[in-house]
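Shown here: data-v2.txt, compact mmCIF, C-alpha atoms and all ligand atoms.
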# COMPACT_ATOMS: atom_id res chain seq x y z
CA MET Y 11 87.27 118.53 95.55
CA LYS Y 12 86.38 114.84 95.55
CA ARG Y 13 86.69 112.84 92.36
CA THR Y 14 83.58 111.23 90.92
CA LEU Y 15 83.32 107.61 89.85
CA HIS Y 16 83.72 108.88 86.31
CA ASP Y 17 87.06 110.50 87.23
CA LEU Y 18 88.31 107.34 88.92
CA VAL Y 19 87.50 104.72 86.26
CA ARG Y 20 90.11 104.13 83.54
CA PRO Y 21 89.13 105.94 80.33
CA ASN Y 22 89.29 102.74 78.23
CA VAL Y 23 86.92 100.99 80.66
CA GLN Y 24 84.65 104.02 80.62
CA ALA Y 25 84.47 103.73 76.82
CA LEU Y 26 84.21 99.94 76.74
CA GLN Y 27 81.46 98.33 74.69
CA PRO Y 28 81.07 95.03 76.55
CA TYR Y 29 80.77 91.69 74.78
CA SER Y 30 77.14 90.74 74.48
CA CYS Y 31 76.64 87.00 74.87
CA ALA Y 32 73.59 84.99 73.80
CA ARG Y 33 72.17 84.93 77.33
CA ASP Y 34 72.55 88.72 77.57
CA GLU Y 35 70.45 89.20 74.44
CA TYR Y 36 67.73 86.81 75.50
CA SER Y 37 67.42 85.82 79.14
CA GLY Y 38 63.64 85.46 79.53
CA LYS Y 39 62.03 82.35 81.01
CA ALA Y 40 59.23 82.03 78.44
CA ALA Y 41 61.24 80.44 75.63
CA ARG Y 42 61.03 76.67 75.13
CA VAL Y 43 63.62 76.15 72.41
CA PHE Y 44 67.12 77.59 72.66
CA LEU Y 45 69.02 77.54 69.36
CA ASP Y 46 70.97 80.75 69.86
CA ALA Y 47 74.25 79.89 71.63
CA ASN Y 48 75.72 76.99 69.64
CA GLU Y 49 75.26 74.77 72.65
CA SER Y 50 74.83 71.01 72.43
CA PRO Y 51 71.27 69.76 72.94
CA TYR Y 52 72.68 66.72 74.79
CA ASN Y 53 73.98 66.24 78.34
CA ALA Y 54 71.56 68.55 80.24
CA PRO Y 55 71.90 70.57 82.37
CA LEU Y 56 75.61 71.28 81.83
CA ASN Y 57 75.12 71.60 78.06
CA ARG Y 58 73.76 75.11 78.72
CA TYR Y 59 75.80 78.20 79.49
CA PRO Y 60 75.25 79.49 83.03
CA ASP Y 61 73.30 82.64 83.86
CA PRO Y 62 75.95 85.35 83.23
CA LEU Y 63 74.55 87.52 86.03
CA GLN Y 64 73.75 84.69 88.49
CA GLN Y 65 70.35 86.14 89.25
CA GLU Y 66 68.99 83.32 91.41
CA VAL Y 67 72.06 83.31 93.62
CA LYS Y 68 71.95 87.09 93.94
CA ALA Y 69 68.24 87.06 94.82
CA GLU Y 70 68.94 84.61 97.65
CA LEU Y 71 72.08 86.44 98.82
CA SER Y 72 70.11 89.66 98.77
CA ARG Y 73 67.64 88.17 101.24
CA VAL Y 74 70.34 86.68 103.48
CA LYS Y 75 72.54 89.79 103.54
CA GLY Y 76 69.86 92.46 103.37
CA ILE Y 77 71.29 94.26 100.34
CA ARG Y 78 69.80 94.92 96.89
CA PRO Y 79 70.67 92.37 94.17
CA ASP Y 80 72.00 95.11 91.90
CA CYS Y 81 74.59 95.94 94.59
CA ILE Y 82 76.08 92.43 94.28
CA PHE Y 83 78.81 91.17 91.95
CA LEU Y 84 79.79 87.47 91.97
CA GLY Y 85 83.19 86.29 90.81
CA ASN Y 86 85.51 83.31 90.48
CA GLY Y 87 86.67 83.80 94.08
CA SER Y 88 87.21 87.21 95.65
CA ASP Y 89 90.50 87.09 93.81
CA GLU Y 90 88.59 87.90 90.61
CA ALA Y 91 87.03 90.93 92.30
CA ILE Y 92 90.45 92.12 93.53
CA ASP Y 93 91.85 91.83 90.00
CA LEU Y 94 88.82 93.65 88.56
CA VAL Y 95 89.31 96.57 90.96
CA LEU Y 96 92.82 97.03 89.56
CA ARG Y 97 91.71 96.60 85.95
CA ILE Y 98 88.73 98.96 86.28
CA PHE Y 99 90.37 101.80 88.19
CA CYS Y 100 94.14 101.71 87.69
CA VAL Y 101 95.98 102.84 84.57
CA PRO Y 102 98.99 100.49 84.20
CA GLY Y 103 102.36 102.15 84.69
CA THR Y 104 100.74 105.28 86.12
CA ASP Y 105 98.33 104.72 89.00
CA ASN Y 106 99.00 103.21 92.42
CA VAL Y 107 97.14 101.47 95.24
CA VAL Y 108 97.87 101.54 98.97
CA ALA Y 109 97.47 98.88 101.64
CA PRO Y 110 98.62 98.17 105.17
CA ASP Y 111 101.49 95.71 105.63
CA PRO Y 112 101.37 92.83 106.34
CA THR Y 113 98.14 91.87 104.63
CA TYR Y 114 96.67 89.44 102.08
CA GLY Y 115 99.21 88.72 99.36
CA MET Y 116 96.84 88.82 96.38
CA TYR Y 117 96.54 92.63 96.45
CA SER Y 118 100.22 93.08 95.63
CA VAL Y 119 100.26 90.19 93.12
CA CYS Y 120 97.25 91.59 91.23
CA ALA Y 121 98.84 95.05 91.32
CA ALA Y 122 102.09 93.65 89.89
CA VAL Y 123 100.27 91.72 87.15
CA ASN Y 124 98.48 94.91 86.16
CA ASP Y 125 101.70 96.99 86.34
CA VAL Y 126 100.23 99.11 89.12
CA GLU Y 127 102.49 100.44 91.87
CA TYR Y 128 101.69 98.91 95.26
CA ARG Y 129 102.46 101.05 98.31
CA ARG Y 130 102.82 99.21 101.63
CA VAL Y 131 102.24 101.01 104.93
CA PRO Y 132 103.36 99.14 108.07
CA LEU Y 133 100.68 98.50 110.66
CA ARG Y 134 101.53 99.80 114.14
CA MET Y 135 102.97 97.41 116.68
CA PRO Y 136 102.55 95.84 119.21
CA ASP Y 137 99.23 94.60 117.83
CA PHE Y 138 99.06 95.49 114.11
CA ALA Y 139 96.89 98.60 114.56
CA LEU Y 140 95.67 100.62 111.56
CA ARG Y 141 96.24 104.39 111.55
CA ALA Y 142 94.38 106.27 108.84
CA GLU Y 143 96.97 109.05 108.82
CA ASP Y 144 99.76 106.58 107.97
CA LEU Y 145 97.95 105.45 104.81
CA LEU Y 146 96.81 108.94 103.82
CA ALA Y 147 100.43 110.13 104.06
CA VAL Y 148 101.49 107.99 101.08
CA CYS Y 149 98.43 108.69 98.86
CA ASN Y 150 98.63 111.07 95.94
CA ARG Y 151 96.49 111.98 92.89
CA ARG Y 152 97.49 108.68 91.27
CA THR Y 153 96.23 106.59 94.20
CA LYS Y 154 93.02 104.98 92.99
CA ALA Y 155 92.26 102.44 95.73
CA LEU Y 156 93.02 101.36 99.29
CA PHE Y 157 92.81 97.70 100.33
CA LEU Y 158 91.76 97.11 103.93
CA CYS Y 159 91.46 93.51 105.06
CA SER Y 160 89.46 93.22 108.28
CA PRO Y 161 89.85 90.82 110.05
CA ASN Y 162 93.32 91.04 108.55
CA ASN Y 163 95.24 88.12 107.08
CA PRO Y 164 97.80 86.99 108.34
CA THR Y 165 97.52 88.90 111.63
CA GLY Y 166 93.91 87.93 112.47
CA ASN Y 167 92.78 91.21 114.00
CA LEU Y 168 89.88 93.44 113.06
CA LEU Y 169 91.15 96.84 111.97
CA GLU Y 170 89.89 99.77 114.06
CA ARG Y 171 86.50 100.81 112.76
CA ASP Y 172 87.00 104.53 113.39
CA GLU Y 173 90.28 104.56 111.48
CA MET Y 174 88.65 102.68 108.58
CA LEU Y 175 85.70 105.05 108.57
CA ARG Y 176 88.09 107.98 108.43
CA LEU Y 177 89.71 106.47 105.34
CA VAL Y 178 86.36 105.76 103.66
CA GLU Y 179 85.26 109.33 104.31
CA THR Y 180 88.46 111.24 103.54
CA PHE Y 181 90.34 109.18 100.93
CA ASP Y 182 89.58 110.51 97.45
CA GLY Y 183 89.21 107.15 95.70
CA MET Y 184 87.89 103.61 96.15
CA VAL Y 185 88.19 101.80 99.48
CA VAL Y 186 88.07 98.00 99.28
CA VAL Y 187 87.16 96.34 102.59
CA ASP Y 188 87.92 92.62 102.44
CA GLU Y 189 85.70 90.74 104.89
CA ALA Y 190 86.82 87.22 103.95
CA TYR Y 191 86.87 86.38 107.68
CA GLY Y 192 83.95 88.62 108.69
CA ASP Y 193 81.70 85.69 109.60
CA PHE Y 194 84.11 84.73 112.39
CA SER Y 195 84.10 88.19 113.99
CA GLY Y 196 81.26 89.64 115.99
CA ALA Y 197 81.73 93.00 114.27
CA PRO Y 198 79.03 94.47 112.01
CA SER Y 199 79.73 94.25 108.28
CA TRP Y 200 80.65 97.35 106.26
CA LEU Y 201 77.77 96.44 103.93
CA ARG Y 202 75.50 98.83 105.80
CA GLU Y 203 77.74 101.75 104.84
CA ILE Y 204 77.49 101.18 101.08
CA PRO Y 205 74.37 103.32 100.43
CA THR Y 206 76.01 106.34 102.08
CA HIS Y 207 79.56 105.68 100.79
CA PRO Y 208 79.66 105.15 97.00
CA ASN Y 209 83.46 104.71 97.08
CA LEU Y 210 83.19 101.59 99.26
CA ILE Y 211 83.61 98.04 97.87
CA VAL Y 212 83.00 95.21 100.36
CA LEU Y 213 84.44 91.78 99.55
CA GLN Y 214 83.15 88.54 101.04
CA THR Y 215 83.69 84.95 99.98
CA PHE Y 216 82.29 81.43 100.13
CA SER Y 217 85.83 80.15 100.75
CA LYS Y 218 86.15 80.46 104.54
CA ALA Y 219 83.16 80.31 106.92
CA TRP Y 220 80.95 79.08 104.06
CA ALA Y 221 83.30 76.12 103.70
CA SER Y 222 83.36 76.18 99.88
CA ALA Y 223 86.88 77.18 98.81
CA GLY Y 224 86.78 74.53 96.08
CA ALA Y 225 83.70 76.05 94.45
CA ARG Y 226 85.46 79.42 93.84
CA LEU Y 227 82.80 82.01 94.62
CA GLY Y 228 83.58 85.53 95.77
CA ILE Y 229 81.22 88.43 96.41
CA ALA Y 230 81.85 92.12 95.85
CA MET Y 231 79.23 94.58 97.05
CA ALA Y 232 79.03 98.25 96.16
CA VAL Y 233 76.62 100.83 94.78
CA PRO Y 234 75.03 99.70 91.46
CA GLU Y 235 77.15 102.16 89.43
CA VAL Y 236 80.30 100.37 90.61
CA VAL Y 237 78.79 96.89 90.18
CA ASP Y 238 77.95 97.85 86.57
CA TYR Y 239 81.66 98.35 85.85
CA PHE Y 240 82.48 94.95 87.34
CA ASN Y 241 79.85 93.36 85.09
CA LYS Y 242 81.17 95.21 82.06
CA VAL Y 243 84.75 94.00 82.51
CA LYS Y 244 84.25 90.42 83.78
CA TYR Y 245 84.29 87.33 81.56
CA PRO Y 246 80.71 86.68 80.39
CA TYR Y 247 80.29 83.32 82.16
CA ASN Y 248 82.63 83.83 85.09
CA VAL Y 249 80.68 81.71 87.60
CA ASN Y 250 79.88 78.21 86.37
CA THR Y 251 76.57 76.34 86.73
CA LEU Y 252 77.84 73.89 89.36
CA THR Y 253 79.09 76.73 91.54
CA GLN Y 254 75.80 78.63 91.24
CA GLN Y 255 73.89 75.49 92.27
CA HIS Y 256 76.29 74.91 95.14
CA ALA Y 257 75.87 78.49 96.38
CA LEU Y 258 72.08 78.09 96.47
CA GLU Y 259 72.53 74.86 98.41
CA MET Y 260 74.85 76.51 100.96
CA LEU Y 261 72.49 79.46 101.38
CA ARG Y 262 69.77 76.94 102.27
CA ARG Y 263 72.20 75.36 104.75
CA ARG Y 264 73.24 78.61 106.38
CA PHE Y 265 72.36 77.34 109.86
CA ASP Y 266 74.98 74.60 109.40
CA VAL Y 267 77.44 77.36 108.55
CA GLU Y 268 76.56 79.21 111.77
CA ARG Y 269 77.12 76.02 113.75
CA TRP Y 270 80.50 75.42 112.07
CA VAL Y 271 81.56 78.98 112.89
CA ARG Y 272 80.62 78.57 116.57
CA ARG Y 273 82.53 75.29 116.77
CA THR Y 274 85.58 76.84 115.13
CA LEU Y 275 85.58 79.73 117.58
CA ASP Y 276 85.32 77.34 120.57
CA GLU Y 277 88.21 75.32 119.18
CA ARG Y 278 90.24 78.47 118.57
CA GLU Y 279 90.01 79.42 122.24
CA LYS Y 280 91.08 75.89 123.21
CA VAL Y 281 94.07 75.86 120.82
CA VAL Y 282 95.28 79.36 121.73
CA ARG Y 283 95.10 78.54 125.45
CA ALA Y 284 97.08 75.34 124.93
CA VAL Y 285 99.71 76.99 122.72
CA ARG Y 286 100.35 79.57 125.46
CA GLN Y 287 101.58 76.74 127.72
CA LEU Y 288 104.32 75.61 125.32
CA PRO Y 289 107.92 76.29 126.48
CA PHE Y 290 108.91 77.96 123.18
CA TYR Y 291 105.79 80.18 123.02
CA VAL Y 292 106.58 83.90 122.86
CA CYS Y 293 103.24 85.64 122.22
CA ASP Y 294 100.05 85.46 120.18
CA TYR Y 295 98.10 88.28 118.59
CA PRO Y 296 94.41 89.17 119.01
CA THR Y 297 92.33 87.29 116.44
CA ASP Y 298 88.81 87.64 115.06
CA ALA Y 299 89.25 84.95 112.39
CA ASN Y 300 89.46 81.16 112.00
CA PHE Y 301 93.24 81.30 112.47
CA PHE Y 302 95.72 82.96 114.78
CA LEU Y 303 99.26 84.24 114.51
CA VAL Y 304 101.69 83.03 117.15
CA LYS Y 305 105.32 83.94 117.76
CA MET Y 306 107.55 81.06 118.85
CA GLU Y 307 111.29 80.71 119.43
CA GLY Y 308 112.68 79.00 116.34
CA ALA Y 309 109.42 79.15 114.37
CA THR Y 310 110.99 77.85 111.16
CA ARG Y 311 112.49 74.82 112.91
CA ILE Y 312 109.09 74.14 114.49
CA TYR Y 313 107.42 74.53 111.11
CA ASP Y 314 109.84 72.01 109.53
CA TYR Y 315 109.27 69.60 112.43
CA LEU Y 316 105.48 69.83 111.97
CA VAL Y 317 105.86 69.13 108.25
CA ARG Y 318 107.80 65.95 109.11
CA GLU Y 319 104.89 65.03 111.40
CA GLY Y 320 102.49 65.53 108.48
CA ILE Y 321 100.99 68.72 109.92
CA ILE Y 322 101.10 71.84 107.77
CA VAL Y 323 100.71 75.32 109.22
CA ARG Y 324 101.75 78.56 107.53
CA ASN Y 325 105.24 79.84 108.21
CA ARG Y 326 105.01 83.65 108.16
CA SER Y 327 108.54 84.21 109.56
CA THR Y 328 109.73 86.10 106.50
CA VAL Y 329 106.79 88.53 106.47
CA ARG Y 330 107.44 92.06 107.75
CA LEU Y 331 106.63 92.41 111.50
CA CYS Y 332 105.96 88.65 111.66
CA ASP Y 333 109.43 87.24 112.36
CA ASP Y 334 109.26 83.89 114.15
CA CYS Y 335 105.49 83.75 113.53
CA LEU Y 336 103.37 80.81 112.45
CA ARG Y 337 99.81 81.25 111.22
CA ILE Y 338 97.67 78.38 112.45
CA THR Y 339 94.25 77.62 110.96
CA ILE Y 340 91.67 76.04 113.25
CA GLY Y 341 90.58 72.60 112.03
CA LEU Y 342 88.43 69.80 113.39
CA PRO Y 343 88.88 69.02 117.10
CA ASN Y 344 90.95 65.90 116.39
CA GLU Y 345 93.16 67.80 113.93
CA ASN Y 346 93.76 70.55 116.49
CA ASN Y 347 94.54 67.92 119.12
CA GLU Y 348 97.06 66.29 116.80
CA LEU Y 349 98.77 69.63 116.28
CA LEU Y 350 98.90 70.29 120.03
CA ALA Y 351 100.19 66.80 120.78
CA ALA Y 352 102.95 67.22 118.18
CA LEU Y 353 103.92 70.62 119.59
CA ARG Y 354 104.10 69.19 123.12
CA ARG Y 355 106.45 66.44 121.87
CA TYR Y 356 108.77 68.99 120.24
CA GLN Y 357 112.15 69.62 121.91
C1 LIG D 401 91.06 83.52 101.77
C2 LIG D 401 90.95 84.97 101.47
C3 LIG D 401 90.14 85.41 100.44
C4 LIG D 401 89.35 84.44 99.62
O1 LIG D 401 89.70 84.44 98.32
P1 LIG D 401 88.81 83.55 97.32
O2 LIG D 401 89.40 83.90 96.02
O3 LIG D 401 87.40 84.01 97.49
O4 LIG D 401 88.98 82.12 97.73
C5 LIG D 401 90.00 86.77 100.21
N1 LIG D 401 90.65 87.65 100.99
C6 LIG D 401 91.42 87.25 102.00
C7 LIG D 401 92.06 88.26 102.86
C8 LIG D 401 91.61 85.91 102.27
O5 LIG D 401 92.41 85.53 103.27

Represent the structure of the file as structure tokens.
Ligand SMILES: *Cc1c(COP(=O)(O)O)cnc(C)c1O
Amino acid sequence: MKRTLHDLVRPNVQALQPYSCARDEYSGKAARVFLDANESPYNAPLNRYPDPLQQEVKAELSRVKGIRPDCIFLGNGSDEAIDLVLRIFCVPGTDNVVAPDPTYGMYSVCAAVNDVEYRRVPLRMPDFALRAEDLLAVCNRRTKALFLCSPNNPTGNLLERDEMLRLVETFDGMVVVDEAYGDFSGAPSWLREIPTHPNLIVLQTFSKAWASAGARLGIAMAVPEVVDYFNKVKYPYNVNTLTQQHALEMLRRRFDVERWVRRTLDEREKVVRAVRQLPFYVCDYPTDANFFLVKMEGATRIYDYLVREGIIVRNRSTVRLCDDCLRITIGLPNENNELLAALRRYQ
């Protein structure tokens, strides 16, 4: 028998009476004089607290993404949403979460901070393939959530849709699909599956294709019952006014974003092709993101050399299944050319 949302949420969160801030108690537009929140009357507009539920941003996102506003949660980066999943669903010291390995490091860090056991399941080589059965084999009654990052970081590949679907449909708990790099892949988003799969939480972010990592804005999308728990547990004013304004600006500029994505993908093909010609190149892995993982003889020495040249890539050599691998992010054409020129000079 499948567990309900009620069975999955921590009892203390279930019982939680959330903090009610001034803007929760009155949020209408009709008022002219606000003397309810101990704000300063000076220094508009930042004297005012932000909209705690970011309704303008959600209305616009709802139009752009084709999903209801009450299915959207906004956070201080997707990292906030990842932490909230652990805090909402996992009893510290008792419950566990499961994720493929290697993957994004914040899942295990947030699990550790929350004293939640983190179970790693190696992806299948040679190309980091997901097998649903491998993950299901380590799940038990205390497994509250799976984290699936697709396209995956640091490997770059989309996880197999059929295997993911099997997990969403058979795992008896929440399935978090992290689409931080989704805008770079041609694959359809898992957003469409939310209405029929109430255990699905889809994460997206303004940090990558939307070119706004400094603004800290992450998106979690799920059925309204799940979003309600996120809203109950989050800090009241978790997304500041400047970030909300910036998000609206970027949503207006979304055709710039599309152009940047196309340029990045063109550059990625150029860089990957050039890297394949290097004498110390071993192999690269299929990528659907704005970076790629490449295996090179003596990756750490190459990494150190690049640092001396003032070029920083990510050394992933110590990550399981990634020995001698560098993760290279695609930059501007001249930055990519500098990297390639430095690599060609390397002995
Ligand atoms: C970069 C990245 C994020 C983004 O995190 P933010 O907190 O939104 O900046 C989320 N997930 C993965 C897998 C990432 O690589």

Near-ligand residues for ligand LIG 401 (chain D), threshold 8 Å, only C-alpha atoms and all ligand atoms, as an MDAnalysis selection string: chainID Y and resid 86:90 113:116 159:164 188:191 213:218 223 226:229

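Comparing Y:Pro112, Y:Gly341, Y:Gly196, Y:Pro208 by their smallest distance to Asp298 in chain Y, the closest is Y:Gly196 (using only C-alpha atoms).
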
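Atom pair CA of Pro296 in chain Y / CA of Ala284 in chain Y: separated by 15.3 Å.
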
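If you count only C-alpha atoms and ignore residues fewer than 3 places along the chain from Cys335 in chain Y, what sits within 8 Å of it is Leu303, Val304, Lys305, Met306, Ala309, Asn325, Arg326, Ser327 and Cys332 of chain Y.
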
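For the pair CA of Leu353 in chain Y and CA of Glu319 in chain Y, the interatomic distance is 10.0 Å.
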